[in-house]
>>> print(open('data.cif').read())   # mmCIF, C-alpha atoms
data_upload
#
loop_
_atom_site.label_atom_id
_atom_site.label_comp_id
_atom_site.auth_asym_id
_atom_site.auth_seq_id
_atom_site.Cartn_x
_atom_site.Cartn_y
_atom_site.Cartn_z
CA MET A 29 94.48 141.80 120.06
CA SER A 30 97.68 143.52 118.89
CA ASP A 31 99.90 143.03 115.88
CA SER A 32 102.21 145.96 116.72
CA ALA A 33 105.33 143.96 115.88
CA LEU A 34 103.95 143.15 112.42
CA PHE A 35 104.02 145.18 109.24
CA GLN A 36 100.58 146.70 108.82
CA THR A 37 100.03 145.14 105.40
CA TYR A 38 96.54 143.83 106.13
CA ALA A 39 93.31 145.56 107.12
CA ARG A 40 92.54 142.68 109.45
CA TYR A 41 89.07 141.78 110.66
CA PRO A 42 88.86 141.95 114.48
CA ILE A 43 88.72 138.16 115.02
CA SER A 44 91.39 135.66 116.11
CA PHE A 45 90.76 132.02 115.35
CA VAL A 46 92.21 129.25 117.50
CA LYS A 47 90.57 126.11 116.07
CA GLY A 48 89.13 124.84 112.80
CA LYS A 49 87.43 121.62 111.77
CA GLY A 50 85.45 120.94 108.61
CA THR A 51 83.31 123.94 107.72
CA ARG A 52 83.65 125.59 111.15
CA LEU A 53 86.09 127.90 112.93
CA TRP A 54 86.22 128.95 116.58
CA ASP A 55 87.65 132.21 117.95
CA GLU A 56 89.47 132.93 121.21
CA GLN A 57 86.19 133.38 123.07
CA GLY A 58 84.87 130.03 121.83
CA LYS A 59 82.41 131.57 119.38
CA GLU A 60 81.66 129.30 116.42
CA TYR A 61 81.67 130.58 112.82
CA LEU A 62 80.34 129.01 109.63
CA ASP A 63 83.20 129.45 107.17
CA PHE A 64 82.27 130.66 103.67
CA MET A 65 85.81 131.94 103.03
CA SER A 66 87.90 128.74 103.40
CA GLY A 67 91.02 130.83 103.99
CA LEU A 68 90.43 132.43 100.55
CA ALA A 69 89.79 129.17 98.69
CA VAL A 70 92.50 127.20 100.51
CA ALA A 71 90.52 124.82 102.75
CA ASN A 72 88.68 123.11 99.88
CA LEU A 73 88.39 119.90 101.95
CA GLY A 74 87.44 121.87 105.04
CA HIS A 75 89.71 122.63 107.98
CA ALA A 76 92.07 119.91 109.23
CA PRO A 77 90.79 117.07 107.00
CA ASP A 78 91.62 113.74 108.62
CA ALA A 79 93.35 112.18 105.59
CA VAL A 80 95.71 115.14 105.18
CA LYS A 81 96.37 115.34 108.91
CA ASP A 82 97.25 111.63 109.02
CA ALA A 83 99.61 112.00 106.04
CA LEU A 84 101.33 114.97 107.66
CA VAL A 85 101.73 113.22 111.01
CA ALA A 86 103.24 110.19 109.28
CA GLN A 87 105.63 112.39 107.28
CA LEU A 88 106.64 114.38 110.38
CA ASP A 89 108.14 111.17 111.77
CA GLN A 90 110.09 110.51 108.58
CA LEU A 91 111.57 113.57 106.84
CA TRP A 92 110.59 117.25 106.62
CA HIS A 93 112.98 118.75 104.13
CA THR A 94 115.77 117.97 101.68
CA SER A 95 117.26 120.09 98.92
CA ASN A 96 115.86 119.84 95.42
CA LEU A 97 119.39 118.81 94.47
CA PHE A 98 118.20 115.32 95.49
CA HIS A 99 115.30 113.26 94.21
CA ILE A 100 112.18 113.61 96.35
CA PRO A 101 109.94 110.58 95.66
CA ASN A 102 106.76 112.22 96.97
CA GLN A 103 107.37 115.24 94.73
CA GLU A 104 107.46 112.99 91.70
CA LYS A 105 104.30 111.17 92.89
CA ALA A 106 102.44 114.46 93.42
CA ALA A 107 103.49 115.70 89.97
CA GLN A 108 102.31 112.45 88.39
CA LEU A 109 98.92 112.79 90.11
CA LEU A 110 98.51 116.29 88.64
CA VAL A 111 99.68 115.21 85.18
CA ASP A 112 97.39 112.15 85.18
CA ASN A 113 94.39 114.41 85.90
CA SER A 114 95.15 117.30 83.53
CA CYS A 115 96.45 118.22 80.07
CA ALA A 116 99.90 119.03 81.48
CA ASP A 117 103.07 117.01 81.05
CA ALA A 118 105.34 118.53 83.71
CA VAL A 119 105.06 120.27 87.10
CA PHE A 120 107.30 122.72 88.97
CA PHE A 121 106.50 123.02 92.68
CA CYS A 122 107.05 126.25 94.62
CA ASN A 123 105.59 127.92 97.72
CA SER A 124 102.77 130.23 96.62
CA GLY A 125 100.51 131.40 93.83
CA ALA A 126 102.66 134.45 93.13
CA GLU A 127 105.72 132.23 92.78
CA ALA A 128 103.83 129.92 90.44
CA ASN A 129 102.78 132.83 88.24
CA GLU A 130 106.29 134.27 88.37
CA ALA A 131 107.60 130.91 87.15
CA ALA A 132 105.03 130.88 84.35
CA ILE A 133 106.10 134.36 83.19
CA LYS A 134 109.76 133.33 83.26
CA LEU A 135 109.00 130.10 81.39
CA ALA A 136 107.09 132.00 78.68
CA ARG A 137 109.97 134.43 78.15
CA ARG A 138 112.58 131.69 78.11
CA TYR A 139 110.55 129.51 75.77
CA GLN A 140 110.08 132.34 73.29
CA GLN A 141 113.57 133.82 73.52
CA LYS A 142 115.78 130.77 74.02
CA VAL A 143 113.89 127.94 72.41
CA LYS A 144 112.30 129.84 69.52
CA GLY A 145 115.14 132.33 69.18
CA GLN A 146 112.87 135.37 69.04
CA ASN A 147 112.89 138.64 70.98
CA ARG A 148 109.54 138.03 72.64
CA TYR A 149 109.07 139.03 76.26
CA GLU A 150 105.74 140.84 76.68
CA VAL A 151 102.83 139.26 78.54
CA ILE A 152 99.31 140.59 77.92
CA THR A 153 96.86 140.41 80.84
CA PHE A 154 93.48 141.99 81.58
CA PHE A 155 92.12 144.91 83.56
CA GLN A 156 90.67 143.86 86.97
CA SER A 157 92.84 140.73 87.01
CA PHE A 158 94.96 139.71 89.99
CA HIS A 159 98.11 137.63 89.61
CA GLY A 160 100.13 138.18 92.80
CA ARG A 161 102.28 140.55 94.86
CA THR A 162 105.83 140.00 93.59
CA LEU A 163 107.11 142.79 91.36
CA ALA A 164 106.46 140.87 88.16
CA THR A 165 103.07 139.50 89.19
CA LEU A 166 101.77 142.79 90.57
CA THR A 167 102.83 144.37 87.27
CA ALA A 168 100.88 141.65 85.48
CA THR A 169 97.87 142.42 87.68
CA GLY A 170 95.32 144.70 86.04
CA GLN A 171 94.57 146.77 89.15
CA GLU A 172 96.45 150.04 89.78
CA LYS A 173 95.90 149.91 93.56
CA VAL A 174 98.44 147.07 94.01
CA LYS A 175 101.15 149.05 92.16
CA GLU A 176 101.01 152.29 94.13
CA GLY A 177 104.43 153.21 95.54
CA PHE A 178 106.35 150.48 93.73
CA LEU A 179 107.57 152.33 90.64
CA PRO A 180 109.47 151.67 88.50
CA LEU A 181 107.78 148.41 87.55
CA PRO A 182 109.35 145.71 85.38
CA GLU A 183 108.91 146.16 81.65
CA GLY A 184 107.05 143.77 79.44
CA PHE A 185 103.39 143.80 80.48
CA LYS A 186 100.27 145.15 78.75
CA HIS A 187 96.67 145.22 79.90
CA VAL A 188 93.50 145.18 77.82
CA PRO A 189 89.77 145.05 78.68
CA LEU A 190 88.32 141.60 79.35
CA HIS A 191 86.07 140.28 76.57
CA ASP A 192 87.42 142.80 74.03
CA ILE A 193 89.01 140.54 71.41
CA ALA A 194 89.75 143.46 69.06
CA ALA A 195 91.73 145.29 71.76
CA LEU A 196 93.57 142.09 72.60
CA GLU A 197 94.57 141.44 69.00
CA ALA A 198 95.63 145.08 68.56
CA ALA A 199 97.94 144.76 71.59
CA ILE A 200 99.87 141.83 70.08
CA THR A 201 103.25 142.80 68.63
CA GLU A 202 106.44 141.06 67.57
CA HIS A 203 107.48 141.27 71.23
CA THR A 204 104.46 139.43 72.67
CA ALA A 205 105.31 136.14 74.36
CA ALA A 206 102.09 135.11 76.08
CA ILE A 207 98.54 135.96 77.07
CA MET A 208 97.72 135.33 80.73
CA LEU A 209 94.29 135.30 82.33
CA GLU A 210 92.10 134.01 85.14
CA LEU A 211 88.89 132.22 84.13
CA VAL A 212 87.03 133.89 86.98
CA LEU A 213 88.40 137.31 87.91
CA ALA A 214 88.05 136.64 91.62
CA GLU A 215 89.67 139.66 93.26
CA GLY A 216 88.31 141.78 90.42
CA GLY A 217 84.69 141.14 91.46
CA VAL A 218 84.03 137.44 90.66
CA ILE A 219 83.63 137.89 86.89
CA PRO A 220 83.59 134.66 84.81
CA VAL A 221 85.27 134.66 81.40
CA GLU A 222 82.89 133.99 78.50
CA PRO A 223 83.64 130.64 76.78
CA GLU A 224 83.62 132.17 73.29
CA PHE A 225 86.16 134.78 74.37
CA LEU A 226 88.53 132.12 75.70
CA ARG A 227 88.19 130.17 72.44
CA GLN A 228 89.12 133.34 70.54
CA VAL A 229 92.11 133.91 72.85
CA ARG A 230 93.34 130.38 72.19
CA GLU A 231 92.95 130.95 68.44
CA LEU A 232 94.96 134.20 68.68
CA CYS A 233 97.72 132.42 70.58
CA ASP A 234 97.88 129.67 67.96
CA ARG A 235 97.89 132.15 65.07
CA HIS A 236 100.64 134.36 66.52
CA GLY A 237 102.75 131.66 68.18
CA LEU A 238 101.98 132.86 71.72
CA LEU A 239 101.65 130.84 74.91
CA LEU A 240 98.31 130.74 76.70
CA ILE A 241 98.85 130.91 80.48
CA ILE A 242 95.81 130.30 82.68
CA ASP A 243 96.05 131.44 86.30
CA GLU A 244 94.13 128.81 88.29
CA ILE A 245 95.44 129.91 91.67
CA GLN A 246 91.90 130.45 92.98
CA THR A 247 89.84 128.51 90.42
CA GLY A 248 91.89 125.30 90.61
CA MET A 249 91.46 122.17 92.71
CA GLY A 250 87.72 121.77 92.21
CA ARG A 251 86.70 125.26 93.22
CA THR A 252 84.59 125.99 90.11
CA GLY A 253 82.99 122.57 89.54
CA THR A 254 85.79 120.72 87.71
CA LEU A 255 89.27 119.93 89.00
CA PHE A 256 90.57 122.87 86.92
CA ALA A 257 88.33 125.61 85.58
CA HIS A 258 89.68 125.41 82.01
CA GLN A 259 88.29 121.87 81.77
CA GLN A 260 84.83 123.48 81.44
CA TYR A 261 85.87 125.54 78.42
CA ASP A 262 87.12 122.87 75.99
CA VAL A 263 90.34 124.90 75.69
CA GLU A 264 93.76 123.68 76.83
CA PRO A 265 96.41 126.13 78.06
CA ASP A 266 100.10 125.76 77.34
CA VAL A 267 100.83 126.64 80.97
CA PHE A 268 98.63 126.88 84.05
CA THR A 269 99.28 127.65 87.70
CA LEU A 270 97.91 126.34 91.00
CA ALA A 271 98.19 127.11 94.73
CA LYS A 272 95.55 127.77 97.44
CA GLY A 273 93.54 124.49 97.54
CA ILE A 274 96.33 122.18 96.42
CA ALA A 275 97.59 121.22 99.90
CA SER A 276 94.69 121.94 102.32
CA GLY A 277 96.55 124.81 104.01
CA LEU A 278 100.25 124.09 103.61
CA PRO A 279 101.99 126.71 101.45
CA VAL A 280 102.37 125.07 98.04
CA GLY A 281 102.25 126.48 94.53
CA ALA A 282 102.65 124.69 91.23
CA MET A 283 103.27 125.60 87.60
CA LEU A 284 102.17 123.01 85.04
CA ALA A 285 103.12 123.00 81.37
CA LYS A 286 102.64 120.95 78.24
CA ALA A 287 105.49 118.97 76.73
CA HIS A 288 106.40 121.44 73.98
CA VAL A 289 107.09 124.15 76.60
CA LYS A 290 108.71 122.30 79.49
CA ASP A 291 112.16 121.88 78.01
CA ALA A 292 112.67 125.66 77.98
CA PHE A 293 113.63 125.26 81.66
CA THR A 294 116.94 123.45 82.07
CA PRO A 295 119.06 122.79 85.19
CA GLY A 296 119.93 126.15 86.73
CA SER A 297 117.35 128.22 84.85
CA HIS A 298 114.83 128.28 87.71
CA ALA A 299 114.83 126.98 91.29
CA THR A 300 113.42 127.25 94.80
CA THR A 301 114.67 126.11 98.20
CA PHE A 302 111.39 125.16 99.84
CA GLY A 303 109.28 124.14 96.82
CA GLY A 304 108.15 120.51 96.85
CA THR A 305 109.50 119.46 100.23
CA PRO A 306 108.58 115.98 101.52
CA LEU A 307 106.21 117.49 104.12
CA ALA A 308 104.42 119.73 101.62
CA MET A 309 104.13 116.91 99.09
CA ALA A 310 102.54 114.62 101.65
CA ALA A 311 99.78 117.21 101.97
CA VAL A 312 99.41 117.57 98.19
CA ILE A 313 99.14 113.81 97.63
CA ALA A 314 96.63 113.32 100.46
CA THR A 315 94.56 116.29 99.25
CA ILE A 316 94.36 115.11 95.63
CA GLU A 317 93.78 111.45 96.52
CA THR A 318 90.99 112.43 98.92
CA MET A 319 89.37 114.61 96.28
CA ILE A 320 89.39 111.70 93.82
CA LYS A 321 88.45 108.92 96.27
CA GLU A 322 85.53 110.85 97.79
CA ASP A 323 84.38 112.48 94.53
CA ILE A 324 84.78 115.88 96.18
CA VAL A 325 84.78 117.89 92.94
CA ALA A 326 81.37 116.57 91.87
CA LYS A 327 79.98 117.15 95.36
CA GLY A 328 81.29 120.70 95.32
CA ALA A 329 79.77 121.32 91.90
CA GLU A 330 76.38 120.13 93.11
CA ALA A 331 76.66 122.30 96.21
CA GLY A 332 77.54 125.26 94.01
CA ARG A 333 74.42 124.81 91.90
CA TYR A 334 72.30 124.62 95.05
CA LEU A 335 73.97 127.71 96.53
CA VAL A 336 73.39 129.79 93.40
CA ALA A 337 69.76 128.66 93.21
CA GLN A 338 69.14 129.62 96.83
CA LEU A 339 70.89 132.98 96.46
CA ASN A 340 68.87 133.82 93.36
CA GLU A 341 65.64 132.80 95.10
CA LYS A 342 66.28 134.77 98.29
CA LEU A 343 68.25 137.81 97.06
CA ILE A 344 67.23 138.76 93.54
CA GLY A 345 64.54 141.39 93.93
CA LEU A 346 66.15 143.11 96.88
CA PRO A 347 66.81 146.76 95.93
CA ASN A 348 70.48 146.51 96.95
CA VAL A 349 71.26 143.29 95.04
CA GLU A 350 72.03 143.42 91.32
CA GLN A 351 73.36 139.97 90.39
CA VAL A 352 74.58 136.60 91.63
CA ARG A 353 77.50 135.40 89.49
CA GLY A 354 80.47 133.04 89.46
CA LYS A 355 81.23 129.36 88.94
CA GLY A 356 80.94 126.35 91.25
CA LEU A 357 81.68 127.51 94.78
CA LEU A 358 83.36 130.77 93.74
CA ILE A 359 80.34 133.05 93.93
CA GLY A 360 79.94 136.82 93.98
CA ILE A 361 76.89 138.79 95.09
CA LEU A 362 77.03 142.08 93.17
CA CYS A 363 75.35 144.80 95.22
CA THR A 364 74.33 148.33 94.31
CA VAL A 365 76.03 149.73 97.42
CA PRO A 366 79.36 149.17 99.22
CA VAL A 367 79.36 145.85 101.09
CA ALA A 368 81.93 146.41 103.86
CA ASP A 369 79.25 147.05 106.53
CA ALA A 370 77.22 144.01 105.45
CA ILE A 371 80.31 141.80 105.66
CA ALA A 372 81.14 143.09 109.14
CA GLU A 373 77.58 142.34 110.27
CA LEU A 374 77.72 138.81 108.81
CA HIS A 375 80.95 138.21 110.70
CA ARG A 376 79.32 139.47 113.89
CA ARG A 377 76.47 136.97 113.36
CA GLY A 378 78.92 134.11 112.79
CA LEU A 379 79.17 133.81 108.99
CA LEU A 380 82.57 134.38 107.36
CA VAL A 381 82.48 135.92 103.87
CA VAL A 382 84.93 138.22 102.09
CA GLN A 383 84.86 141.26 99.86
CA ALA A 384 85.83 141.32 96.14
CA GLY A 385 85.87 144.95 95.08
CA PRO A 386 83.74 147.58 96.82
CA ASN A 387 80.34 146.15 95.87
CA VAL A 388 80.77 142.37 95.79
CA ILE A 389 80.34 139.84 98.61
CA ARG A 390 82.47 136.80 97.73
CA LEU A 391 81.49 133.30 98.90
CA LEU A 392 84.13 130.55 98.99
CA PRO A 393 82.84 127.71 101.18
CA SER A 394 84.70 124.42 101.31
CA LEU A 395 83.67 121.80 98.75
CA ILE A 396 82.20 119.65 101.55
CA ILE A 397 79.58 122.25 102.46
CA THR A 398 76.09 120.78 103.04
CA HIS A 399 72.67 121.98 101.88
CA GLU A 400 71.73 122.69 105.48
CA GLU A 401 74.80 124.91 105.93
CA ILE A 402 74.06 126.67 102.65
CA ASP A 403 70.50 127.34 103.82
CA THR A 404 71.86 128.80 107.07
CA ALA A 405 74.30 131.07 105.24
CA VAL A 406 71.82 132.25 102.62
CA ASN A 407 69.22 133.07 105.28
CA MET A 408 71.81 135.14 107.18
CA ILE A 409 72.90 137.00 104.04
CA SER A 410 69.29 137.61 103.05
CA ALA A 411 68.46 138.95 106.51
CA VAL A 412 71.42 141.34 106.61
CA LEU A 413 70.91 142.69 103.09
CA THR A 414 67.15 143.06 103.67
CA GLU A 415 67.78 145.02 106.87
CA GLN A 416 70.33 147.24 105.16
CA ALA A 417 67.97 147.86 102.24
CA ALA A 418 65.33 149.00 104.72
CA VAL A 419 67.77 151.38 106.43
CA ASN A 420 68.90 152.79 103.09
CA SER A 421 65.25 153.29 102.09
CA VAL A 422 64.55 155.33 105.24
CA ARG A 423 67.69 157.47 104.71
CA SER A 424 66.77 158.23 101.10
#
>>> encode(input="data.cif", output="structure tokens")
Amino acid sequence: MSDSALFQTYARYPISFVKGKGTRLWDEQGKEYLDFMSGLAVANLGHAPDAVKDALVAQLDQLWHTSNLFHIPNQEKAAQLLVDNSCADAVFFCNSGAEANEAAIKLARRYQQKVKGQNRYEVITFFQSFHGRTLATLTATGQEKVKEGFLPLPEGFKHVPLHDIAALEAAITEHTAAIMLELVLAEGGVIPVEPEFLRQVRELCDRHGLLLIIDEIQTGMGRTGTLFAHQQYDVEPDVFTLAKGIASGLPVGAMLAKAHVKDAFTPGSHATTFGGTPLAMAAVIATIETMIKEDIVAKGAEAGRYLVAQLNEKLIGLPNVEQVRGKGLLIGILCTVPVADAIAELHRRGLLVVQAGPNVIRLLPSLIITHEEIDTAVNMISAVLTEQAAVNSVRS
């Protein structure tokens, strides 16, 4: 394995996959892996779902790409599907989660400055959050490690502690345009937002005339037990963003907004060359229609409850496990020790999981995961953490 011609921007695991189907992946040597990563919450329907594959094959014979200067019927159909199943009234398609969040930040500034005629440009986000890798979105991110070496950063972002409503209110000024947050801080250690805190954030936005932007890049598309995570909180955002699971693996992002915000973008104010192409939209439509037709979100929610129950039963009580937390099938196992070695051992045994901070094992299986597969994964995790606890006990 060599990636010498590539920028070394990833600390890659020493595995190369050549095939994926459903909940399984196979490497170059033919070894089979049970996938509890789903390409970081992308393969929500599993790898190569038949309905999406069929839609892509059909579209490949018709048309791959046209400019957004022309109407794209499938783009309008995909947008209508999202609007019909959410509180949003309009959709802008792009290529990634970072682009979707970048669009949301631009929309918030334009709405406040152009439509409302006020000098509002600041966006308040939260420590430990993650919103992307473009200059604006990494500045919005509440983790210093992603900003190292990229100074000077764009102006107009503040960060406050999560669940500290007093600090949040104190950070609001005449320049504040929006508050932006994830409902599960995934990269930050799989930390769910408390419902009462989100209600208070919504109230602050209403009182001060701010936009509430919810980053659903990882929590969207059924990942947490509802199609969008905010639907569990009885709070509606003004703007929310999607990517990852929206197209079963094709690179698609989306920014959705309510009617009172959408007209801040006019022709020429924002654009993208590849966003919403006929090929990408075929994948979006097939993904959403499959999720609805096969009741995938409810099945994923049930699987999530079973997974958490099994993890609590098998892991809580181990000296190196502190907590199992998360929502739906976005689960974190908070350990008392660094988890990199445990993750490497799980990969060696054929279970794919991923890290979220130094002490958290993150589980992101597809929404079609079965109880039997969950039992297999939990038994492997329990065995590895039990063995490591025993080794740590001997060393101490």
>>> resolve_selection(input="data.cif", expression="the PyMOL selection byres ((chain A and resi 214-221) around 6)", output="compact mmCIF listing (two decimals) with C-alpha atoms, keeping the file's coordinate frame")
# COMPACT_ATOMS: atom_id res chain seq x y z
CA GLN A 156 90.67 143.86 86.97
CA SER A 157 92.84 140.73 87.01
CA LEU A 211 88.89 132.22 84.13
CA VAL A 212 87.03 133.89 86.98
CA LEU A 213 88.40 137.31 87.91
CA GLU A 222 82.89 133.99 78.50
CA GLY A 354 80.47 133.04 89.46
CA GLY A 360 79.94 136.82 93.98
CA ALA A 384 85.83 141.32 96.14
CA GLY A 385 85.87 144.95 95.08
CA VAL A 388 80.77 142.37 95.79
>>> atom_distance(input="data.cif", atom1="CA of Ile389 in chain A", atom2="CA of Gln246 in chain A")
15.9 Å
>>> atom_distance(input="data.cif", atom1="CA of Gln90 in chain A", atom2="CA of Lys47 in chain A")
26.1 Å
>>> atom_distance(input="data.cif", atom1="CA of Ile245 in chain A", atom2="CA of Asn407 in chain A")
29.7 Å
>>> closest_residue(input="data.cif", among="A:Trp54, A:Phe256, A:Tyr38, A:Tyr149", to="Ala206 in chain A", atoms="only C-alpha atoms")
A:Tyr149
>>> build_atoms(input="data.cif", residues="range 268-279 of chain A", atoms="N, CA, C and O atoms", output="short mmCIF file (atom, residue, chain, number, x, y, z; two decimals), keeping the file's coordinate frame")
data_model
loop_
_atom_site.label_atom_id
_atom_site.label_comp_id
_atom_site.auth_asym_id
_atom_site.auth_seq_id
_atom_site.Cartn_x
_atom_site.Cartn_y
_atom_site.Cartn_z
N PHE A 268 99.58 126.37 83.05
CA PHE A 268 98.63 126.88 84.05
C PHE A 268 99.22 126.74 85.45
O PHE A 268 100.17 125.99 85.67
N THR A 269 98.68 127.53 86.37
CA THR A 269 99.28 127.65 87.70
C THR A 269 98.26 127.33 88.78
O THR A 269 97.06 127.58 88.63
N LEU A 270 98.76 126.76 89.88
CA LEU A 270 97.91 126.34 91.00
C LEU A 270 98.53 126.80 92.32
O LEU A 270 99.73 127.04 92.40
N ALA A 271 97.72 126.88 93.36
CA ALA A 271 98.19 127.11 94.73
C ALA A 271 96.98 126.87 95.65
O ALA A 271 96.31 125.85 95.50
N LYS A 272 96.71 127.77 96.55
CA LYS A 272 95.55 127.77 97.44
C LYS A 272 95.08 126.37 97.85
O LYS A 272 95.55 125.81 98.82
N GLY A 273 94.15 125.75 97.09
CA GLY A 273 93.54 124.49 97.54
C GLY A 273 94.35 123.24 97.29
O GLY A 273 93.88 122.14 97.55
N ILE A 274 95.59 123.37 96.84
CA ILE A 274 96.33 122.18 96.42
C ILE A 274 96.85 121.36 97.59
O ILE A 274 97.13 120.17 97.45
N ALA A 275 96.97 121.96 98.79
CA ALA A 275 97.59 121.22 99.90
C ALA A 275 96.84 121.42 101.22
O ALA A 275 97.40 121.22 102.29
N SER A 276 95.57 121.84 101.14
CA SER A 276 94.69 121.94 102.32
C SER A 276 95.25 122.87 103.40
O SER A 276 94.94 122.69 104.59
N GLY A 277 96.08 123.83 103.03
CA GLY A 277 96.55 124.81 104.01
C GLY A 277 98.05 124.93 104.11
O GLY A 277 98.56 125.93 104.61
N LEU A 278 98.80 123.92 103.65
CA LEU A 278 100.25 124.09 103.61
C LEU A 278 100.61 124.97 102.41
O LEU A 278 99.95 124.90 101.37
N PRO A 279 101.65 125.79 102.54
CA PRO A 279 101.99 126.71 101.45
C PRO A 279 102.66 126.01 100.29
O PRO A 279 103.85 125.71 100.32
#
